[in-house]
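Text of the file run.cif, holding mmCIF, N, CA and C atoms:
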```cif
data_my_file
loop_
_atom_site.group_PDB
_atom_site.id
_atom_site.type_symbol
_atom_site.label_atom_id
_atom_site.label_comp_id
_atom_site.auth_asym_id
_atom_site.auth_seq_id
_atom_site.Cartn_x
_atom_site.Cartn_y
_atom_site.Cartn_z
ATOM 1 N N MET A 1 0.847 -1.175 0.000
ATOM 2 C CA MET A 1 0.000 0.000 0.000
ATOM 3 C C MET A 1 0.895 1.242 0.000
ATOM 4 N N ASP A 2 0.603 2.169 -0.879
ATOM 5 C CA ASP A 2 1.384 3.406 -0.959
ATOM 6 C C ASP A 2 1.073 4.304 0.220
ATOM 7 N N GLN A 3 2.110 4.969 0.697
ATOM 8 C CA GLN A 3 1.925 5.919 1.784
ATOM 9 C C GLN A 3 1.621 7.292 1.196
ATOM 10 N N VAL A 4 0.750 8.016 1.886
ATOM 11 C CA VAL A 4 0.415 9.366 1.471
ATOM 12 C C VAL A 4 1.477 10.306 2.022
ATOM 13 N N ASP A 5 1.950 11.192 1.179
ATOM 14 C CA ASP A 5 2.925 12.209 1.597
ATOM 15 C C ASP A 5 2.320 13.007 2.749
ATOM 16 N N PRO A 6 3.046 13.156 3.880
ATOM 17 C CA PRO A 6 2.513 13.901 5.027
ATOM 18 C C PRO A 6 2.088 15.326 4.670
ATOM 19 N N ASP A 7 2.802 15.965 3.759
ATOM 20 C CA ASP A 7 2.420 17.326 3.357
ATOM 21 C C ASP A 7 1.068 17.325 2.635
ATOM 22 N N VAL A 8 0.852 16.334 1.817
ATOM 23 C CA VAL A 8 -0.430 16.224 1.111
ATOM 24 C C VAL A 8 -1.537 15.939 2.124
ATOM 25 N N ASN A 9 -1.278 15.038 3.053
ATOM 26 C CA ASN A 9 -2.261 14.711 4.083
ATOM 27 C C ASN A 9 -2.601 15.948 4.912
ATOM 28 N N ASN A 10 -1.590 16.740 5.294
ATOM 29 C CA ASN A 10 -1.823 17.967 6.057
ATOM 30 C C ASN A 10 -2.660 18.958 5.258
ATOM 31 N N MET A 11 -2.391 19.065 3.965
ATOM 32 C CA MET A 11 -3.152 19.985 3.119
ATOM 33 C C MET A 11 -4.610 19.541 3.023
ATOM 34 N N ILE A 12 -4.839 18.262 2.921
ATOM 35 C CA ILE A 12 -6.204 17.743 2.865
ATOM 36 C C ILE A 12 -6.938 18.066 4.168
ATOM 37 N N GLN A 13 -6.279 17.844 5.294
ATOM 38 C CA GLN A 13 -6.888 18.157 6.584
ATOM 39 C C GLN A 13 -7.147 19.655 6.708
ATOM 40 N N TYR A 14 -6.220 20.478 6.273
ATOM 41 C CA TYR A 14 -6.361 21.935 6.321
ATOM 42 C C TYR A 14 -7.570 22.378 5.505
ATOM 43 N N ARG A 15 -7.698 21.862 4.299
ATOM 44 C CA ARG A 15 -8.836 22.231 3.445
ATOM 45 C C ARG A 15 -10.154 21.788 4.066
ATOM 46 N N SER A 16 -10.152 20.641 4.694
ATOM 47 C CA SER A 16 -11.361 20.152 5.353
ATOM 48 C C SER A 16 -11.786 21.101 6.472
ATOM 49 N N VAL A 17 -10.827 21.547 7.262
ATOM 50 C CA VAL A 17 -11.121 22.485 8.349
ATOM 51 C C VAL A 17 -11.575 23.820 7.783
ATOM 52 N N MET A 18 -10.905 24.312 6.765
ATOM 53 C CA MET A 18 -11.231 25.618 6.192
ATOM 54 C C MET A 18 -12.640 25.641 5.598
ATOM 55 N N LYS A 19 -13.084 24.522 5.046
ATOM 56 C CA LYS A 19 -14.437 24.454 4.492
ATOM 57 C C LYS A 19 -15.502 24.604 5.573
ATOM 58 N N LYS A 20 -15.135 24.271 6.808
ATOM 59 C CA LYS A 20 -16.089 24.330 7.907
ATOM 60 C C LYS A 20 -16.157 25.708 8.548
ATOM 61 N N LEU A 21 -15.196 26.573 8.247
ATOM 62 C CA LEU A 21 -15.193 27.908 8.826
ATOM 63 C C LEU A 21 -16.169 28.801 8.068
ATOM 64 N N ILE A 22 -16.707 29.759 8.769
ATOM 65 C CA ILE A 22 -17.618 30.694 8.139
ATOM 66 C C ILE A 22 -17.066 32.102 8.287
ATOM 67 N N THR A 23 -17.595 33.010 7.508
ATOM 68 C CA THR A 23 -17.084 34.373 7.521
ATOM 69 C C THR A 23 -17.643 35.163 8.699
ATOM 70 N N ALA A 24 -16.983 36.276 8.975
ATOM 71 C CA ALA A 24 -17.447 37.172 10.035
ATOM 72 C C ALA A 24 -18.860 37.676 9.726
ATOM 73 N N GLN A 25 -19.137 37.915 8.463
ATOM 74 C CA GLN A 25 -20.467 38.386 8.084
ATOM 75 C C GLN A 25 -21.521 37.317 8.356
ATOM 76 N N GLU A 26 -21.213 36.064 8.067
ATOM 77 C CA GLU A 26 -22.159 34.980 8.341
ATOM 78 C C GLU A 26 -22.405 34.835 9.842
ATOM 79 N N ILE A 27 -21.347 34.962 10.630
ATOM 80 C CA ILE A 27 -21.507 34.900 12.089
ATOM 81 C C ILE A 27 -22.411 36.030 12.544
ATOM 82 N N GLY A 28 -22.149 37.234 12.040
ATOM 83 C CA GLY A 28 -22.966 38.383 12.396
ATOM 84 C C GLY A 28 -24.423 38.210 12.027
ATOM 85 N N GLU A 29 -24.672 37.656 10.859
ATOM 86 C CA GLU A 29 -26.051 37.407 10.420
ATOM 87 C C GLU A 29 -26.750 36.421 11.347
ATOM 88 N N ARG A 30 -26.021 35.412 11.778
ATOM 89 C CA ARG A 30 -26.606 34.422 12.688
ATOM 90 C C ARG A 30 -26.900 35.055 14.049
ATOM 91 N N ILE A 31 -25.966 35.852 14.542
ATOM 92 C CA ILE A 31 -26.184 36.515 15.827
ATOM 93 C C ILE A 31 -27.386 37.450 15.739
ATOM 94 N N ARG A 32 -27.480 38.230 14.666
ATOM 95 C CA ARG A 32 -28.620 39.138 14.476
ATOM 96 C C ARG A 32 -29.939 38.361 14.429
ATOM 97 N N ALA A 33 -29.943 37.252 13.686
ATOM 98 C CA ALA A 33 -31.170 36.459 13.559
ATOM 99 C C ALA A 33 -31.620 35.918 14.919
ATOM 100 N N ILE A 34 -30.686 35.435 15.701
ATOM 101 C CA ILE A 34 -31.024 34.909 17.033
ATOM 102 C C ILE A 34 -31.519 36.031 17.933
ATOM 103 N N ARG A 35 -30.815 37.157 17.898
ATOM 104 C CA ARG A 35 -31.212 38.302 18.740
ATOM 105 C C ARG A 35 -32.620 38.767 18.397
ATOM 106 N N LYS A 36 -32.897 38.918 17.104
ATOM 107 C CA LYS A 36 -34.222 39.379 16.685
ATOM 108 C C LYS A 36 -35.304 38.350 17.006
ATOM 109 N N ALA A 37 -34.990 37.078 16.828
ATOM 110 C CA ALA A 37 -35.963 36.025 17.137
ATOM 111 C C ALA A 37 -36.344 36.040 18.616
ATOM 112 N N GLN A 38 -35.412 36.476 19.451
ATOM 113 C CA GLN A 38 -35.674 36.552 20.884
ATOM 114 C C GLN A 38 -36.274 37.894 21.289
ATOM 115 N N GLY A 39 -36.387 38.823 20.337
ATOM 116 C CA GLY A 39 -36.949 40.129 20.638
ATOM 117 C C GLY A 39 -36.054 40.982 21.526
ATOM 118 N N VAL A 40 -34.749 40.801 21.386
ATOM 119 C CA VAL A 40 -33.777 41.518 22.215
ATOM 120 C C VAL A 40 -33.163 42.648 21.387
ATOM 121 N N SER A 41 -33.062 43.826 21.960
ATOM 122 C CA SER A 41 -32.428 44.947 21.262
ATOM 123 C C SER A 41 -30.911 44.814 21.351
ATOM 124 N N GLN A 42 -30.228 45.539 20.482
ATOM 125 C CA GLN A 42 -28.770 45.550 20.541
ATOM 126 C C GLN A 42 -28.295 46.106 21.878
ATOM 127 N N GLU A 43 -28.986 47.109 22.380
ATOM 128 C CA GLU A 43 -28.612 47.718 23.655
ATOM 129 C C GLU A 43 -28.730 46.713 24.804
ATOM 130 N N THR A 44 -29.827 45.963 24.803
ATOM 131 C CA THR A 44 -30.038 44.966 25.851
ATOM 132 C C THR A 44 -28.985 43.868 25.765
ATOM 133 N N LEU A 45 -28.731 43.387 24.550
ATOM 134 C CA LEU A 45 -27.720 42.352 24.364
ATOM 135 C C LEU A 45 -26.351 42.851 24.811
ATOM 136 N N ALA A 46 -26.032 44.074 24.473
ATOM 137 C CA ALA A 46 -24.748 44.642 24.889
ATOM 138 C C ALA A 46 -24.625 44.643 26.406
ATOM 139 N N GLY A 47 -25.692 45.028 27.090
ATOM 140 C CA GLY A 47 -25.668 45.025 28.547
ATOM 141 C C GLY A 47 -25.495 43.633 29.118
ATOM 142 N N LEU A 48 -26.190 42.668 28.548
ATOM 143 C CA LEU A 48 -26.090 41.286 29.016
ATOM 144 C C LEU A 48 -24.702 40.698 28.766
ATOM 145 N N ALA A 49 -24.088 41.101 27.666
ATOM 146 C CA ALA A 49 -22.780 40.559 27.296
ATOM 147 C C ALA A 49 -21.627 41.372 27.883
ATOM 148 N N GLY A 50 -21.940 42.497 28.490
ATOM 149 C CA GLY A 50 -20.895 43.330 29.074
ATOM 150 C C GLY A 50 -20.058 44.057 28.039
ATOM 151 N N THR A 51 -20.701 44.462 26.958
ATOM 152 C CA THR A 51 -20.011 45.176 25.893
ATOM 153 C C THR A 51 -20.867 46.360 25.465
ATOM 154 N N GLY A 52 -20.464 47.065 24.440
ATOM 155 C CA GLY A 52 -21.211 48.225 23.977
ATOM 156 C C GLY A 52 -22.133 47.918 22.813
ATOM 157 N N GLN A 53 -23.149 48.747 22.638
ATOM 158 C CA GLN A 53 -24.090 48.587 21.521
ATOM 159 C C GLN A 53 -23.367 48.713 20.191
ATOM 160 N N ARG A 54 -22.398 49.607 20.116
ATOM 161 C CA ARG A 54 -21.646 49.790 18.866
ATOM 162 C C ARG A 54 -20.933 48.491 18.485
ATOM 163 N N TYR A 55 -20.360 47.800 19.456
ATOM 164 C CA TYR A 55 -19.684 46.526 19.185
ATOM 165 C C TYR A 55 -20.681 45.505 18.636
ATOM 166 N N ILE A 56 -21.859 45.428 19.245
ATOM 167 C CA ILE A 56 -22.887 44.483 18.769
ATOM 168 C C ILE A 56 -23.265 44.815 17.331
ATOM 169 N N SER A 57 -23.462 46.087 17.040
ATOM 170 C CA SER A 57 -23.811 46.520 15.687
ATOM 171 C C SER A 57 -22.734 46.119 14.689
ATOM 172 N N GLU A 58 -21.488 46.387 15.032
ATOM 173 C CA GLU A 58 -20.381 46.031 14.142
ATOM 174 C C GLU A 58 -20.234 44.519 14.007
ATOM 175 N N LEU A 59 -20.442 43.802 15.081
ATOM 176 C CA LEU A 59 -20.366 42.338 15.056
ATOM 177 C C LEU A 59 -21.430 41.773 14.115
ATOM 178 N N GLU A 60 -22.642 42.293 14.211
ATOM 179 C CA GLU A 60 -23.730 41.808 13.362
ATOM 180 C C GLU A 60 -23.507 42.131 11.884
ATOM 181 N N ARG A 61 -22.765 43.170 11.605
ATOM 182 C CA ARG A 61 -22.470 43.539 10.213
ATOM 183 C C ARG A 61 -21.175 42.912 9.718
ATOM 184 N N GLY A 62 -20.521 42.128 10.563
ATOM 185 C CA GLY A 62 -19.283 41.481 10.172
ATOM 186 C C GLY A 62 -18.113 42.438 10.131
ATOM 187 N N LYS A 63 -18.249 43.584 10.784
ATOM 188 C CA LYS A 63 -17.212 44.615 10.751
ATOM 189 C C LYS A 63 -16.316 44.603 11.975
ATOM 190 N N ALA A 64 -16.778 44.040 13.057
ATOM 191 C CA ALA A 64 -16.012 44.063 14.301
ATOM 192 C C ALA A 64 -14.865 43.059 14.241
ATOM 193 N N THR A 65 -13.764 43.434 14.818
ATOM 194 C CA THR A 65 -12.665 42.502 15.019
ATOM 195 C C THR A 65 -12.936 41.844 16.361
ATOM 196 N N ALA A 66 -13.531 40.682 16.309
ATOM 197 C CA ALA A 66 -13.999 40.030 17.525
ATOM 198 C C ALA A 66 -12.953 39.092 18.088
ATOM 199 N N ARG A 67 -12.728 39.237 19.362
ATOM 200 C CA ARG A 67 -11.941 38.233 20.075
ATOM 201 C C ARG A 67 -12.899 37.109 20.433
ATOM 202 N N LEU A 68 -12.403 35.915 20.441
ATOM 203 C CA LEU A 68 -13.261 34.761 20.707
ATOM 204 C C LEU A 68 -13.971 34.894 22.046
ATOM 205 N N GLY A 69 -13.262 35.362 23.070
ATOM 206 C CA GLY A 69 -13.870 35.514 24.389
ATOM 207 C C GLY A 69 -15.049 36.469 24.372
ATOM 208 N N GLU A 70 -14.906 37.582 23.658
ATOM 209 C CA GLU A 70 -15.998 38.554 23.564
ATOM 210 C C GLU A 70 -17.180 37.971 22.801
ATOM 211 N N MET A 71 -16.878 37.263 21.712
ATOM 212 C CA MET A 71 -17.956 36.668 20.929
ATOM 213 C C MET A 71 -18.697 35.612 21.747
ATOM 214 N N LEU A 72 -17.969 34.835 22.532
ATOM 215 C CA LEU A 72 -18.612 33.820 23.365
ATOM 216 C C LEU A 72 -19.512 34.461 24.419
ATOM 217 N N LYS A 73 -19.111 35.631 24.937
ATOM 218 C CA LYS A 73 -19.967 36.349 25.884
ATOM 219 C C LYS A 73 -21.275 36.743 25.219
ATOM 220 N N VAL A 74 -21.209 37.204 23.978
ATOM 221 C CA VAL A 74 -22.417 37.580 23.238
ATOM 222 C C VAL A 74 -23.285 36.349 22.997
ATOM 223 N N LEU A 75 -22.663 35.252 22.559
ATOM 224 C CA LEU A 75 -23.416 34.014 22.313
ATOM 225 C C LEU A 75 -24.049 33.493 23.594
ATOM 226 N N ASN A 76 -23.310 33.548 24.692
ATOM 227 C CA ASN A 76 -23.849 33.094 25.974
ATOM 228 C C ASN A 76 -25.015 33.979 26.417
ATOM 229 N N ALA A 77 -24.899 35.283 26.197
ATOM 230 C CA ALA A 77 -25.976 36.199 26.565
ATOM 231 C C ALA A 77 -27.250 35.886 25.782
ATOM 232 N N LEU A 78 -27.088 35.357 24.581
ATOM 233 C CA LEU A 78 -28.244 34.967 23.757
ATOM 234 C C LEU A 78 -28.711 33.541 24.054
ATOM 235 N N GLY A 79 -27.929 32.819 24.840
ATOM 236 C CA GLY A 79 -28.258 31.420 25.103
ATOM 237 C C GLY A 79 -27.933 30.541 23.915
ATOM 238 N N ALA A 80 -27.064 31.034 23.044
ATOM 239 C CA ALA A 80 -26.672 30.282 21.849
ATOM 240 C C ALA A 80 -25.314 29.647 22.094
ATOM 241 N N GLY A 81 -25.108 28.504 21.508
ATOM 242 C CA GLY A 81 -23.827 27.842 21.660
ATOM 243 C C GLY A 81 -22.842 28.260 20.595
ATOM 244 N N ALA A 82 -21.599 27.952 20.826
ATOM 245 C CA ALA A 82 -20.549 28.270 19.859
ATOM 246 C C ALA A 82 -20.720 27.464 18.574
ATOM 247 N N TYR A 83 -21.639 26.492 18.557
ATOM 248 C CA TYR A 83 -21.856 25.695 17.353
ATOM 249 C C TYR A 83 -22.275 26.550 16.167
ATOM 250 N N ILE A 84 -22.818 27.747 16.410
ATOM 251 C CA ILE A 84 -23.241 28.569 15.275
ATOM 252 C C ILE A 84 -22.046 29.089 14.474
ATOM 253 N N LEU A 85 -20.846 28.871 14.981
ATOM 254 C CA LEU A 85 -19.654 29.327 14.290
ATOM 255 C C LEU A 85 -19.192 28.341 13.224
ATOM 256 N N SER A 86 -19.840 27.204 13.100
ATOM 257 C CA SER A 86 -19.427 26.161 12.173
ATOM 258 C C SER A 86 -20.472 25.936 11.097
ATOM 259 N N GLN A 87 -20.023 25.728 9.869
ATOM 260 C CA GLN A 87 -20.957 25.412 8.786
ATOM 261 C C GLN A 87 -21.636 24.071 9.002
ATOM 262 N N ASP A 88 -20.984 23.163 9.718
ATOM 263 C CA ASP A 88 -21.584 21.850 9.969
ATOM 264 C C ASP A 88 -22.907 21.993 10.708
ATOM 265 N N GLU A 89 -23.028 23.042 11.476
ATOM 266 C CA GLU A 89 -24.216 23.239 12.283
ATOM 267 C C GLU A 89 -25.073 24.389 11.758
ATOM 268 N N ALA A 90 -24.911 24.753 10.507
ATOM 269 C CA ALA A 90 -25.606 25.919 9.954
ATOM 270 C C ALA A 90 -27.123 25.793 10.048
ATOM 271 N N VAL A 91 -27.650 24.613 9.944
ATOM 272 C CA VAL A 91 -29.092 24.428 10.027
ATOM 273 C C VAL A 91 -29.548 24.392 11.476
ATOM 274 N N GLU A 92 -28.747 23.820 12.342
ATOM 275 C CA GLU A 92 -29.115 23.648 13.747
ATOM 276 C C GLU A 92 -29.423 24.972 14.433
ATOM 277 N N TRP A 93 -28.665 26.019 14.153
ATOM 278 C CA TRP A 93 -28.867 27.285 14.843
ATOM 279 C C TRP A 93 -30.193 27.932 14.494
ATOM 280 N N MET A 94 -30.791 27.524 13.371
ATOM 281 C CA MET A 94 -32.050 28.134 12.943
ATOM 282 C C MET A 94 -33.256 27.506 13.632
ATOM 283 N N ARG A 95 -33.090 26.386 14.269
ATOM 284 C CA ARG A 95 -34.225 25.678 14.885
ATOM 285 C C ARG A 95 -34.692 26.365 16.132
#
```
Representation of the structure as structure tokens:
Amino acid sequence: MDQVDPDVNNMIQYRSVMKKLITAQEIGERIRAIRKAQGVSQETLAGLAGTGQRYISELERGKATARLGEMLKVLNALGAGAYILSQDEAVEWMR
């Protein structure tokens, strides 16, 4: 049996992971959809997450440079899991 070149194997794994990542804009759209579905204003969400309304606005538009910790605070404030950050779970977050 032929062995696969480790560099080729690493590239295959890298591409697999990259396909599962979503853009900042997609994350923002998901956060906005969850927030609106819950009837929560940006101001209220900002207060719950311990951040500013401007940050929430920029995050929802995909403009904010989000640190993972800050984004997790926003997701936790919405009662949403970090699973919304993955394309594998793109349908699950809408339920």
Shell around Gln25 in chain A at 9 Å using only C-alpha atoms, local window under 5 positions removed, as a PDB file with N, CA and C atoms, in the coordinates of the input:
```
ATOM      1  N   ARG A  30     -26.021  35.412  11.778  1.00  0.00           N
ATOM      2  CA  ARG A  30     -26.606  34.422  12.688  1.00  0.00           C
ATOM      3  C   ARG A  30     -26.900  35.055  14.049  1.00  0.00           C
ATOM      4  N   LEU A  59     -20.442  43.802  15.081  1.00  0.00           N
ATOM      5  CA  LEU A  59     -20.366  42.338  15.056  1.00  0.00           C
ATOM      6  C   LEU A  59     -21.430  41.773  14.115  1.00  0.00           C
ATOM      7  N   GLU A  60     -22.642  42.293  14.211  1.00  0.00           N
ATOM      8  CA  GLU A  60     -23.730  41.808  13.362  1.00  0.00           C
ATOM      9  C   GLU A  60     -23.507  42.131  11.884  1.00  0.00           C
ATOM     10  N   ARG A  61     -22.765  43.170  11.605  1.00  0.00           N
ATOM     11  CA  ARG A  61     -22.470  43.539  10.213  1.00  0.00           C
ATOM     12  C   ARG A  61     -21.175  42.912   9.718  1.00  0.00           C
ATOM     13  N   GLY A  62     -20.521  42.128  10.563  1.00  0.00           N
ATOM     14  CA  GLY A  62     -19.283  41.481  10.172  1.00  0.00           C
ATOM     15  C   GLY A  62     -18.113  42.438  10.131  1.00  0.00           C
ATOM     16  N   LYS A  63     -18.249  43.584  10.784  1.00  0.00           N
ATOM     17  CA  LYS A  63     -17.212  44.615  10.751  1.00  0.00           C
ATOM     18  C   LYS A  63     -16.316  44.603  11.975  1.00  0.00           C
TER      19      LYS A  63
END
```
Show me the residues around (-27.9, 39.5, 26.2) - criterion: an atom at most 8 Å away, all atoms listed in the file counted - as a count of residues only. 18
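The two atoms in question, atom N of Lys36 in chain A and atom C of Leu68 in chain A, are spaced 20.0 Å apart.
Straight-line separation from atom N of Ile22 in chain A to CA of Gly39 in chain A: 25.7 Å.
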CA of Gly52 in chain A to CA of Ala80 in chain A measures 18.9 Å
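Shown here are all protein and nucleic acid residues lying within 9 Å of (-9.9, 37.5, 11.4), with only C-alpha atoms considered: Thr23, Ala24, Thr65, Ala66 and Arg67 of chain A.
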Find the smallest box with edges along x, y and z containing every listed atom of range 54-70 of chain A, then add 4 Å on each side and report centre and edge lengths in Å to one decimal, as AutoDock Vina command-line options.
```
--center_x -17.9 --center_y 42.3 --center_z 17.1 --size_x 19.9 --size_y 23.0 --size_z 22.7
```
